[in-house]
$ cat final_30.cif   # mmCIF, C-alpha atoms
data_structure
loop_
_atom_site.label_atom_id
_atom_site.label_comp_id
_atom_site.auth_asym_id
_atom_site.auth_seq_id
_atom_site.Cartn_x
_atom_site.Cartn_y
_atom_site.Cartn_z
CA MET Y 1 161.03 100.91 22.38
CA SER Y 2 163.74 103.21 21.12
CA VAL Y 3 164.97 104.65 17.85
CA GLY Y 4 168.07 102.57 16.99
CA SER Y 5 168.32 100.74 13.65
CA GLN Y 6 167.11 97.37 15.04
CA ALA Y 7 164.35 98.78 17.20
CA VAL Y 8 162.81 100.96 14.50
CA ARG Y 9 161.66 97.96 12.47
CA ASN Y 10 158.99 97.38 15.09
CA HIS Y 11 157.78 100.93 14.59
CA ALA Y 12 157.23 100.55 10.85
CA PRO Y 13 153.62 99.26 11.08
CA PHE Y 14 152.29 102.22 13.05
CA GLN Y 15 154.45 104.68 11.10
CA ARG Y 16 152.86 103.34 7.91
CA ASN Y 17 149.39 103.61 9.40
CA GLU Y 18 150.05 107.19 10.46
CA ALA Y 19 151.28 107.93 6.93
CA LYS Y 20 147.96 106.57 5.61
CA VAL Y 21 146.08 108.91 7.94
CA LEU Y 22 148.29 111.78 6.73
CA MET Y 23 147.30 111.09 3.11
CA ARG Y 24 143.62 111.34 4.06
CA ASP Y 25 144.30 114.69 5.77
CA LEU Y 26 146.18 116.02 2.72
CA LEU Y 27 143.23 114.94 0.56
CA LEU Y 28 140.41 116.33 2.70
CA ASP Y 29 142.03 119.41 4.17
CA PRO Y 30 144.84 120.41 1.81
CA ARG Y 31 145.09 124.01 3.01
CA ASP Y 32 146.07 122.77 6.43
CA TYR Y 33 148.81 120.52 5.11
CA VAL Y 34 151.53 121.93 7.39
CA MET Y 35 149.57 121.11 10.53
CA SER Y 36 148.64 117.70 9.13
CA ILE Y 37 152.32 116.91 8.71
CA GLU Y 38 153.06 118.16 12.25
CA ARG Y 39 150.32 115.92 13.63
CA TYR Y 40 151.77 112.95 11.79
CA SER Y 41 155.33 113.43 13.04
CA THR Y 42 154.25 114.19 16.62
CA SER Y 43 151.95 111.18 16.71
CA VAL Y 44 154.75 108.79 15.68
CA VAL Y 45 157.10 109.92 18.46
CA SER Y 46 154.25 110.09 20.95
CA ILE Y 47 153.39 106.43 20.28
CA ILE Y 48 157.05 105.49 20.77
CA GLY Y 49 157.51 107.66 23.85
CA TRP Y 50 154.24 107.46 25.71
CA GLY Y 51 152.14 104.81 23.97
CA ARG Y 52 149.56 107.41 22.96
CA ARG Y 53 148.74 108.52 19.44
CA ILE Y 54 147.67 111.97 18.39
CA ASP Y 55 144.54 112.12 16.31
CA ARG Y 56 143.75 115.82 16.22
CA LYS Y 57 145.84 118.57 14.68
CA ASN Y 58 145.09 120.92 17.55
CA ASP Y 59 146.14 118.34 20.16
CA TYR Y 60 147.72 119.91 23.23
CA VAL Y 61 151.00 117.99 22.89
CA VAL Y 62 151.40 119.08 19.23
CA GLN Y 63 151.02 122.71 20.24
CA GLN Y 64 153.53 122.35 23.06
CA ALA Y 65 155.98 120.56 20.78
CA LEU Y 66 155.82 123.37 18.22
CA ALA Y 67 156.15 126.10 20.83
CA LEU Y 68 159.08 124.33 22.47
CA MET Y 69 160.94 123.87 19.20
CA ASP Y 70 160.21 127.41 18.13
CA LYS Y 71 162.01 128.64 21.24
CA SER Y 72 164.78 126.10 21.59
CA VAL Y 73 166.11 126.08 18.03
CA ASN Y 74 166.76 129.78 18.32
CA ILE Y 75 168.65 129.30 21.57
CA GLN Y 76 171.07 127.05 19.67
CA VAL Y 77 172.09 129.67 17.13
CA PRO Y 78 175.81 130.26 17.76
CA GLY Y 79 176.46 133.63 19.35
CA ALA Y 80 172.79 134.34 20.04
CA TYR Y 81 173.60 135.42 23.60
CA TRP Y 82 176.37 137.46 25.18
CA ALA Y 83 176.74 134.84 27.91
CA GLU Y 84 178.27 132.44 25.37
CA THR Y 85 181.22 134.77 24.90
CA ILE Y 86 181.38 136.03 28.49
CA PRO Y 87 180.21 133.13 30.69
CA GLU Y 88 180.70 135.19 33.86
CA LEU Y 89 177.57 137.13 32.92
CA ARG Y 90 175.51 134.32 34.39
CA TYR Y 91 176.57 135.39 37.87
CA LEU Y 92 174.94 138.79 37.49
CA PRO Y 93 171.80 139.35 39.56
CA SER Y 94 168.63 138.66 37.61
CA TRP Y 95 167.42 142.29 37.72
CA LEU Y 96 170.53 143.13 35.68
CA TYR Y 97 170.62 140.07 33.39
CA LYS Y 98 167.40 138.09 33.23
CA LEU Y 99 168.42 135.38 30.78
CA PRO Y 100 169.96 132.76 33.12
CA THR Y 101 166.95 132.91 35.49
CA GLU Y 102 164.54 132.65 32.59
CA PHE Y 103 166.37 129.60 31.29
CA LYS Y 104 166.43 127.99 34.74
CA ILE Y 105 162.71 128.50 35.32
CA GLY Y 106 161.94 127.35 31.76
CA ALA Y 107 163.99 124.20 32.34
CA VAL Y 108 162.18 123.44 35.63
CA ILE Y 109 158.79 123.73 33.90
CA ILE Y 110 159.72 121.70 30.83
CA ASN Y 111 161.52 118.98 32.78
CA GLY Y 112 158.61 118.73 35.20
CA TYR Y 113 156.16 118.47 32.34
CA PHE Y 114 158.12 115.80 30.50
CA TYR Y 115 158.74 113.78 33.65
CA GLY Y 116 154.99 113.97 34.31
CA LEU Y 117 154.21 112.85 30.76
CA THR Y 118 156.61 109.95 31.19
CA LYS Y 119 154.95 108.77 34.40
CA GLU Y 120 151.58 109.11 32.71
CA GLY Y 121 152.86 107.22 29.64
CA ALA Y 122 154.23 104.40 31.79
CA ALA Y 123 150.63 103.67 32.79
CA ALA Y 124 149.42 103.34 29.15
CA LYS Y 125 148.46 99.88 27.96
CA GLU Y 126 150.80 99.49 24.96
CA PRO Y 127 154.58 99.02 25.39
CA ASN Y 128 156.42 102.33 25.18
CA PHE Y 129 159.71 104.07 25.99
CA ALA Y 130 158.24 105.71 29.12
CA LYS Y 131 157.38 102.31 30.63
CA TYR Y 132 160.91 101.12 29.99
CA LEU Y 133 162.46 104.29 31.42
CA ILE Y 134 160.42 104.34 34.61
CA GLN Y 135 161.48 100.74 35.21
CA ALA Y 136 165.11 101.54 34.37
CA GLN Y 137 165.02 104.56 36.66
CA LYS Y 138 164.50 102.29 39.67
CA GLU Y 139 167.14 99.79 38.57
CA HIS Y 140 169.83 102.30 37.63
CA ASN Y 141 169.03 105.16 39.96
CA LEU Y 142 168.39 107.63 37.16
CA HIS Y 143 167.57 111.18 38.11
CA ASP Y 144 164.15 112.55 37.12
CA LEU Y 145 166.02 114.99 34.90
CA ASP Y 146 167.64 112.13 32.94
CA VAL Y 147 164.24 110.58 32.35
CA ALA Y 148 162.71 113.92 31.33
CA GLY Y 149 165.64 114.62 29.00
CA LEU Y 150 165.39 111.24 27.32
CA THR Y 151 161.70 111.55 26.51
CA SER Y 152 161.70 115.24 25.62
CA ASN Y 153 164.48 114.41 23.17
CA LEU Y 154 161.91 112.46 21.13
CA ILE Y 155 159.92 115.66 20.62
CA GLY Y 156 163.04 117.80 20.18
CA GLY Y 157 164.59 115.43 17.69
CA GLY Y 158 161.66 113.85 15.94
CA VAL Y 159 158.93 116.38 15.25
CA ASP Y 160 160.19 119.57 13.67
CA THR Y 161 163.01 117.79 11.77
CA THR Y 162 160.71 115.27 10.09
CA SER Y 163 158.04 117.85 9.29
CA SER Y 164 160.55 120.33 7.86
CA THR Y 165 162.06 117.63 5.65
CA MET Y 166 158.60 116.72 4.33
CA LEU Y 167 157.89 120.40 3.60
CA SER Y 168 161.19 120.85 1.77
CA CYS Y 169 160.49 117.71 -0.23
CA ILE Y 170 157.12 119.11 -1.32
CA LEU Y 171 158.75 122.42 -2.21
CA GLY Y 172 161.45 120.64 -4.23
CA CYS Y 173 158.80 118.62 -6.08
CA ILE Y 174 156.73 121.65 -7.09
CA ALA Y 175 159.68 123.91 -7.89
CA PHE Y 176 161.40 121.19 -9.95
CA PRO Y 177 158.51 119.29 -11.59
CA GLU Y 178 160.84 117.04 -13.54
CA ALA Y 179 162.01 115.37 -10.32
CA GLN Y 180 158.39 114.75 -9.33
CA ARG Y 181 157.57 113.41 -12.80
CA ASN Y 182 160.50 110.98 -12.75
CA ALA Y 183 159.56 109.72 -9.28
CA GLN Y 184 155.95 109.16 -10.34
CA GLU Y 185 156.99 107.34 -13.49
CA GLU Y 186 159.00 104.98 -11.32
CA ILE Y 187 156.07 104.54 -8.90
CA ASP Y 188 153.65 103.87 -11.77
CA ARG Y 189 156.01 101.24 -13.14
CA VAL Y 190 156.60 99.45 -9.81
CA VAL Y 191 153.37 100.03 -7.87
CA GLY Y 192 150.80 101.20 -10.40
CA ARG Y 193 147.62 103.07 -9.52
CA GLU Y 194 145.40 100.14 -8.57
CA ARG Y 195 146.95 99.49 -5.17
CA SER Y 196 148.98 101.50 -2.67
CA PRO Y 197 152.72 101.02 -2.04
CA THR Y 198 153.76 98.16 0.26
CA PRO Y 199 156.96 97.74 2.32
CA ASP Y 200 158.33 95.43 -0.40
CA ASP Y 201 158.03 98.18 -3.00
CA GLU Y 202 160.39 100.48 -1.10
CA SER Y 203 163.59 98.70 -2.13
CA ASN Y 204 162.46 98.75 -5.78
CA LEU Y 205 162.12 102.53 -5.94
CA PRO Y 206 165.70 103.83 -6.18
CA TYR Y 207 164.66 107.16 -7.69
CA CYS Y 208 162.37 107.86 -4.73
CA ALA Y 209 165.22 106.96 -2.37
CA ALA Y 210 167.46 109.36 -4.29
CA LEU Y 211 164.79 112.05 -4.09
CA LEU Y 212 164.79 111.75 -0.29
CA LYS Y 213 168.61 111.98 -0.19
CA GLU Y 214 168.46 115.01 -2.43
CA THR Y 215 165.98 116.62 -0.03
CA PHE Y 216 168.40 116.00 2.85
CA ARG Y 217 171.19 117.63 0.84
CA TRP Y 218 169.29 120.45 -0.86
CA ARG Y 219 167.58 121.73 2.29
CA SER Y 220 169.15 120.11 5.35
CA VAL Y 221 167.08 121.03 8.38
CA ALA Y 222 170.01 121.66 10.75
CA ILE Y 223 172.04 123.79 8.39
CA LEU Y 224 174.94 124.07 10.81
CA GLY Y 225 175.09 120.30 11.29
CA GLY Y 226 173.34 120.28 14.65
CA LEU Y 227 175.15 120.76 17.91
CA PRO Y 228 178.72 122.13 17.86
CA HIS Y 229 181.74 119.89 18.38
CA ALA Y 230 185.16 120.49 19.95
CA PRO Y 231 188.56 118.75 19.63
CA ILE Y 232 189.60 116.92 22.80
CA ARG Y 233 193.25 118.00 22.24
CA ASP Y 234 195.17 120.59 20.25
CA ASP Y 235 195.04 119.93 16.52
CA GLU Y 236 196.61 121.17 13.29
CA TYR Y 237 194.54 121.43 10.13
CA ARG Y 238 195.95 122.86 6.89
CA GLY Y 239 198.31 125.08 8.80
CA TYR Y 240 195.68 126.23 11.30
CA HIS Y 241 196.30 125.57 14.95
CA ILE Y 242 193.05 124.58 16.69
CA PRO Y 243 193.39 124.54 20.49
CA ALA Y 244 191.60 121.83 22.49
CA ASN Y 245 187.98 122.65 23.35
CA THR Y 246 187.54 125.16 20.54
CA TRP Y 247 183.91 125.44 19.48
CA ILE Y 248 183.68 123.95 15.97
CA THR Y 249 180.57 124.43 13.88
CA GLY Y 250 180.38 122.58 10.57
CA ASN Y 251 178.81 124.77 7.92
CA LEU Y 252 176.58 122.10 6.44
CA TRP Y 253 174.90 124.62 4.16
CA ALA Y 254 178.23 125.28 2.44
CA ILE Y 255 179.36 121.64 2.52
CA HIS Y 256 176.16 120.53 0.79
CA ARG Y 257 176.55 123.05 -2.00
CA HIS Y 258 180.21 122.65 -2.81
CA PRO Y 259 180.13 122.69 -6.64
CA ARG Y 260 182.92 120.08 -6.77
CA ASP Y 261 180.68 117.50 -5.11
CA PHE Y 262 177.32 118.87 -6.23
CA PRO Y 263 177.38 120.71 -9.55
CA GLU Y 264 174.54 123.26 -9.81
CA PRO Y 265 173.98 122.85 -6.09
CA ASP Y 266 170.76 124.85 -5.89
CA VAL Y 267 168.98 122.60 -8.37
CA PHE Y 268 166.84 119.85 -6.81
CA LYS Y 269 168.13 116.88 -8.79
CA PRO Y 270 167.70 113.34 -7.40
CA GLU Y 271 169.76 111.99 -10.34
CA ARG Y 272 172.90 112.95 -8.38
CA TYR Y 273 172.18 110.02 -6.10
CA MET Y 274 171.41 107.45 -8.77
CA GLU Y 275 173.89 104.64 -9.25
CA GLY Y 276 176.67 105.32 -11.69
CA GLN Y 277 176.52 109.08 -11.20
CA GLY Y 278 179.32 108.73 -8.63
CA MET Y 279 180.63 111.79 -6.92
CA PRO Y 280 183.61 112.52 -4.75
CA TYR Y 281 181.66 113.38 -1.59
CA PRO Y 282 183.60 111.81 1.28
CA ASN Y 283 180.97 109.43 2.59
CA GLU Y 284 178.90 106.70 1.06
CA ARG Y 285 175.63 108.23 2.15
CA GLY Y 286 176.39 111.32 0.08
CA HIS Y 287 175.29 113.90 2.65
CA ASN Y 288 175.58 114.74 6.35
CA ALA Y 289 172.10 115.97 7.13
CA PHE Y 290 172.21 114.00 10.40
CA GLY Y 291 175.50 115.50 11.54
CA TRP Y 292 178.72 113.58 12.14
CA GLY Y 293 180.91 111.97 14.78
CA ARG Y 294 179.69 111.69 18.31
CA ARG Y 295 176.28 113.17 18.92
CA GLN Y 296 175.17 112.78 15.36
CA CYS Y 297 171.42 112.35 15.23
CA SER Y 298 170.38 109.19 17.10
CA GLY Y 299 166.99 109.21 15.41
CA GLN Y 300 168.30 108.80 11.88
CA PRO Y 301 167.01 105.22 11.34
CA LEU Y 302 163.54 106.20 12.53
CA ALA Y 303 163.51 109.38 10.47
CA GLU Y 304 164.65 107.74 7.25
CA GLN Y 305 162.24 104.85 7.63
CA GLY Y 306 159.28 107.18 8.22
CA LEU Y 307 160.20 109.70 5.55
CA ILE Y 308 160.75 107.22 2.76
CA MET Y 309 157.40 105.51 3.30
CA SER Y 310 155.54 108.83 3.57
CA ILE Y 311 157.19 110.39 0.54
CA ILE Y 312 156.57 107.34 -1.65
CA ARG Y 313 152.95 107.24 -0.50
CA MET Y 314 152.47 110.97 -1.06
CA LEU Y 315 153.93 110.89 -4.58
CA TRP Y 316 151.90 107.75 -5.35
CA ALA Y 317 148.71 109.48 -4.18
CA PHE Y 318 149.03 113.08 -5.36
CA HIS Y 319 150.20 115.27 -8.13
CA LEU Y 320 151.76 118.25 -6.37
CA GLU Y 321 151.74 121.69 -7.89
CA PRO Y 322 151.94 125.31 -6.77
CA GLY Y 323 148.65 126.38 -5.20
CA THR Y 324 146.64 129.50 -5.80
CA ASP Y 325 147.22 132.47 -3.59
CA ASP Y 326 144.91 131.18 -0.89
CA LYS Y 327 146.01 131.56 2.64
CA VAL Y 328 147.94 128.58 3.95
CA SER Y 329 147.22 127.70 7.54
CA ILE Y 330 150.38 127.86 9.57
CA PRO Y 331 151.02 126.59 13.07
CA PRO Y 332 150.16 129.38 15.52
CA ALA Y 333 153.55 129.12 17.24
CA ASP Y 334 153.71 132.70 18.57
CA GLN Y 335 150.21 132.57 20.01
CA ILE Y 336 151.00 129.75 22.38
CA MET V 1 149.23 129.88 -9.23
CA VAL V 2 152.01 131.13 -6.99
CA GLN V 3 155.46 130.14 -8.19
CA PRO V 4 157.26 128.81 -5.12
CA ASP V 5 160.24 130.73 -3.80
CA ILE V 6 162.94 128.15 -3.02
CA TRP V 7 164.81 130.70 -0.92
CA ALA V 8 161.95 131.64 1.42
CA TYR V 9 163.08 129.80 4.53
CA THR V 10 162.83 130.50 8.25
CA ASP V 11 165.88 131.71 10.17
CA GLY V 12 167.26 129.63 13.00
CA GLU V 13 169.32 126.59 13.74
CA ASN V 14 166.57 124.41 12.26
CA THR V 15 165.09 125.82 9.09
CA ARG V 16 161.98 125.09 7.07
CA PRO V 17 160.23 126.67 4.12
CA GLN V 18 158.02 129.68 4.80
CA PRO V 19 154.41 128.62 4.20
CA PHE V 20 153.62 128.18 0.51
CA PRO V 21 150.37 127.17 -1.15
CA VAL V 22 150.26 123.67 -2.62
CA LYS V 23 147.60 121.88 -4.62
CA PHE V 24 147.28 118.16 -3.86
CA THR V 25 145.44 116.43 -6.71
CA PRO V 26 144.75 112.68 -6.36
CA ARG V 27 146.34 110.96 -9.35
CA SER V 28 143.16 109.01 -10.10
CA GLU V 29 139.67 108.41 -8.77
CA ARG V 30 140.72 104.92 -7.68
CA ILE V 31 143.64 106.39 -5.73
CA ARG V 32 141.28 108.79 -4.00
CA GLU V 33 139.11 105.86 -2.90
CA ILE V 34 142.09 103.83 -1.72
CA VAL V 35 143.42 106.76 0.34
CA LEU V 36 140.09 107.10 2.16
CA GLU V 37 139.60 103.35 2.68
CA GLU V 38 143.12 102.80 3.93
CA ALA V 39 143.00 105.74 6.32
CA LYS V 40 139.84 104.33 7.87
CA GLN V 41 141.44 100.95 8.41
CA ALA V 42 144.68 102.54 9.65
CA ARG V 43 142.82 104.52 12.31
CA GLU V 44 141.09 101.35 13.48
CA GLU V 45 144.43 99.58 13.81
CA LEU V 46 145.91 102.59 15.58
CA SER V 47 143.04 102.80 18.07
CA ILE V 48 145.05 100.71 20.56
CA TYR V 49 147.07 103.90 21.07
CA ASP V 50 144.08 106.17 21.70
CA GLY V 51 144.22 108.12 24.92
CA GLU V 52 144.17 111.58 26.40
CA THR V 53 146.76 113.38 28.47
CA ARG V 54 145.56 115.29 31.51
CA LEU V 55 148.83 117.15 32.09
CA ARG V 56 149.26 120.83 31.26
CA VAL V 57 152.54 122.74 31.14
CA GLU V 58 151.07 125.40 33.46
CA ASP V 59 150.79 122.78 36.20
CA PHE V 60 154.58 122.68 36.38
CA ILE V 61 155.23 126.38 36.89
CA PRO V 62 157.05 126.60 40.24
CA VAL V 63 155.16 128.49 42.94
CA LYS V 64 157.15 131.16 44.70
#

$ encode --input "final_30.cif" --output "structure tokens"
Amino acid sequence: MSVGSQAVRNHAPFQRNEAKVLMRDLLLDPRDYVMSIERYSTSVVSIIGWGRRIDRKNDYVVQQALALMDKSVNIQVPGAYWAETIPELRYLPSWLYKLPTEFKIGAVIINGYFYGLTKEGAAAKEPNFAKYLIQAQKEHNLHDLDVAGLTSNLIGGGVDTTSSTMLSCILGCIAFPEAQRNAQEEIDRVVGRERSPTPDDESNLPYCAALLKETFRWRSVAILGGLPHAPIRDDEYRGYHIPANTWITGNLWAIHRHPRDFPEPDVFKPERYMEGQGMPYPNERGHNAFGWGRRQCSGQPLAEQGLIMSIIRMLWAFHLEPGTDDKVSIPPADQI
Amino acid sequence: MVQPDIWAYTDGENTRPQPFPVKFTPRSERIREIVLEEAKQAREELSIYDGETRLRVEDFIPVK
């Protein structure tokens, strides 16, 4: 059980089933659609990681996942803390500079929790990543921290990213109704309204595939391309000298709206990704929402597989439009 | 109807839209039925993964 391109094929059946449950939730409890999407994405990674699905929106693990992401994505903002610029600050006593101690205690708690979850998951009946890891830990002498890091990465990488992409896709579809209309015309032609989409339909829905790509481009979740990179030796680029180990952040937001590659970049327009509309963007995929180089997102195959089946199913099932000014339920992240 | 604001996003390294109201209308009565039937069957198939976790984050707070 892992998230590489071969392994994810085995995950498709339960991903599809979870997408079916998500459609029911969107139908019966539309105001709570954000939490329904969070439940869906957490349940998929929880099945992979710990062999346990998540049926309720207020499940304890969902709440922890949201709270954890709420905190940790802000930690990653470049320059958020003085200690990044002046590393020596971490040697100050904690009564003078609390941050390092807070991080250390936070890490002890989270690592302990995830190692505990992994041991618990290894005892579940269905095959899962935790079972594999606990076995591998004995064989390869892995530290508890390695095991905790590997399973917590499923939550860190797989929950908030997938949910945010779904939300941006919905926003794109209601703000640019023509894109939604074109996708539904394609679905009506290929699938119809008398049966639901099957795995075989997916390769016959190029507009829907383009709509997902356009979502990745239009509103990439990690707008700075994820974790920073650094050259391993001194480099020259267009007359700039870049010393080894310089922190390099790719401004994905700007890259994805370069008018040369993406005319009218703020318009949500899946047509850009249809065949024959070729564009000069430097890679075949046409976007870099999953980062680049080493440490690009390892969950990409899982994410794309889950998103395409959910988006096709959602656009098959529902006409999406702006709601009335009713209150939307939002995850209670700050109350946790 | 509230026209969606495509610029209303959260700040942070990972961003997402600020909550916006959406209306989900089933595209036909038959689709509505299929959604409910298929969800029921999906939950039955997924029941092999049912389970509860007993662990709580608080249990891992180090004691001084």

$ interface_residues --input "final_30.cif" --of "chain Y" --to "chain V" --cutoff "6 Å" --atoms "all atoms listed in the file" --output "PyMOL selection string"
chain Y and resi 17+20-21+24+51-53+73-74+77+109+112-113+164+221-222+317-324+328

$ atom_distance --input "final_30.cif" --atom1 "CA of Leu133 (chain Y)" --atom2 "CA of His11 (chain Y)"
17.8 Å

$ atom_distance --input "final_30.cif" --atom1 "CA of Asn245 (chain Y)" --atom2 "CA of Gln300 (chain Y)"
26.7 Å

$ closest_residue --input "final_30.cif" --among "Y:Phe103, Y:Phe268, Y:Tyr40, Y:Trp82" --to "Thr162 (chain Y)" --atoms "only C-alpha atoms"
Y:Tyr40

$ atom_distance --input "final_30.cif" --atom1 "CA of Cys297 (chain Y)" --atom2 "CA of Leu227 (chain Y)"
9.6 Å

$ residues_around --input "final_30.cif" --residues "Leu205 (chain Y)" --least-positions-apart "6" --cutoff "12 Å" --atoms "all atoms listed in the file" --output "ChimeraX atom specification"
/Y:182-191,197-199,211-212,274,308-309,311-313,315-316

$ write_last_selection --input "final_30.cif" --atoms "C-alpha atoms" --output "mmCIF file, keeping the file's coordinate frame"
data_model
loop_
_atom_site.group_PDB
_atom_site.id
_atom_site.type_symbol
_atom_site.label_atom_id
_atom_site.label_comp_id
_atom_site.auth_asym_id
_atom_site.auth_seq_id
_atom_site.Cartn_x
_atom_site.Cartn_y
_atom_site.Cartn_z
ATOM 1 C CA ASN Y 182 160.500 110.980 -12.750
ATOM 2 C CA ALA Y 183 159.560 109.720 -9.280
ATOM 3 C CA GLN Y 184 155.950 109.160 -10.340
ATOM 4 C CA GLU Y 185 156.990 107.340 -13.490
ATOM 5 C CA GLU Y 186 159.000 104.980 -11.320
ATOM 6 C CA ILE Y 187 156.070 104.540 -8.900
ATOM 7 C CA ASP Y 188 153.650 103.870 -11.770
ATOM 8 C CA ARG Y 189 156.010 101.240 -13.140
ATOM 9 C CA VAL Y 190 156.600 99.450 -9.810
ATOM 10 C CA VAL Y 191 153.370 100.030 -7.870
ATOM 11 C CA PRO Y 197 152.720 101.020 -2.040
ATOM 12 C CA THR Y 198 153.760 98.160 0.260
ATOM 13 C CA PRO Y 199 156.960 97.740 2.320
ATOM 14 C CA LEU Y 211 164.790 112.050 -4.090
ATOM 15 C CA LEU Y 212 164.790 111.750 -0.290
ATOM 16 C CA MET Y 274 171.410 107.450 -8.770
ATOM 17 C CA ILE Y 308 160.750 107.220 2.760
ATOM 18 C CA MET Y 309 157.400 105.510 3.300
ATOM 19 C CA ILE Y 311 157.190 110.390 0.540
ATOM 20 C CA ILE Y 312 156.570 107.340 -1.650
ATOM 21 C CA ARG Y 313 152.950 107.240 -0.500
ATOM 22 C CA LEU Y 315 153.930 110.890 -4.580
ATOM 23 C CA TRP Y 316 151.900 107.750 -5.350
#
